[in-house]
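Right, one structure below, let's go through it.
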Amino acid sequence: MRSMKLVVLGALSLLSLAGCLQGQPRLYRVALDETPVRTVNTPTCFRNSELPAGRNNTSEQNYRSEDEWVIWSGVDQTEYLDLGTQAWTLGDAPVIRVSDLIEGTDKTFNASRNVQTPVSDQYIELRQTTVSAKFDDYSAVPVGTIALNSQFACTKARGECPTGQNLANDAASCSANLKFVARRIDVQQLTAYNNNP
């Protein structure tokens, strides 16, 4: 009888431990190919659609940036992706900044930011940045993509939108797709992580 109680107690302990660990975040070490960001050479990604001198001479191969990302499970099917603090610059387009969690479902996470800047009463500058991260799966070695999109626009109010050298420094629109490969890191209940290694 005593051995039966120990077996039942042991089984309950294992179930409760498994239940506790199910809510653990997924921690991934990530190799991100940022080559498309560092080697942008599309003229429309720059002010006045002019490619800076020497820009076509930039090429890279096999360099990867390293990160630690975490995926948290929320309520229902909601998930949260922690990319840490990121800043991507695509040519002269507005900088794409990420410093918060990105909400998503089904291994896909999308976030956008819209900023309207009135310039006196003459015109309004509009900047929109979008980040979309997609995991193919949550295996031990998942792969996926990050789609980046940065848009600039100007709307007239009383005056005309500037042109030529009078354009803002980030007056361009650009997009890029980055690929990543990750490795899941097995964690315990008290494992600490650093999303900016």
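Note on naming: chains are A, B, ... as they come in the structure tokens, residues start from 1 per chain, ligands start from 1 in the order shown.
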
All residues 8 Å or closer to segment 139-152 of chain A, only C-alpha atoms, same chain fewer than 6 positions away omitted, as a list in words: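 These residues fall inside the cut-off: Leu90, Ala93, Pro94, Val95, Ile96, Glu125, Leu126, Arg127, Gln128, Thr129, Thr130, Val131, Ser132, Ala133, Asp170, Ala171, Ala172, Ser173, Cys174, Ser175, Ala176, Asn177, Leu178, Lys179, Phe180, Val181, Ala182, Arg183 and Arg184 of chain A.
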
Contacts of Tyr80 of chain A within 10 Å, only C-alpha atoms, excl. fewer than 5 positions in-chain, as a ChimeraX atom specification: /A:25,70-74,100-105,107-109

Which of chain A fall in strand (DSSP E or B), as a ChimeraX atom specification: /A:26-33,65-73,79-82,86-88,96-98,102-105,108-119,123-135,143-156,174-185
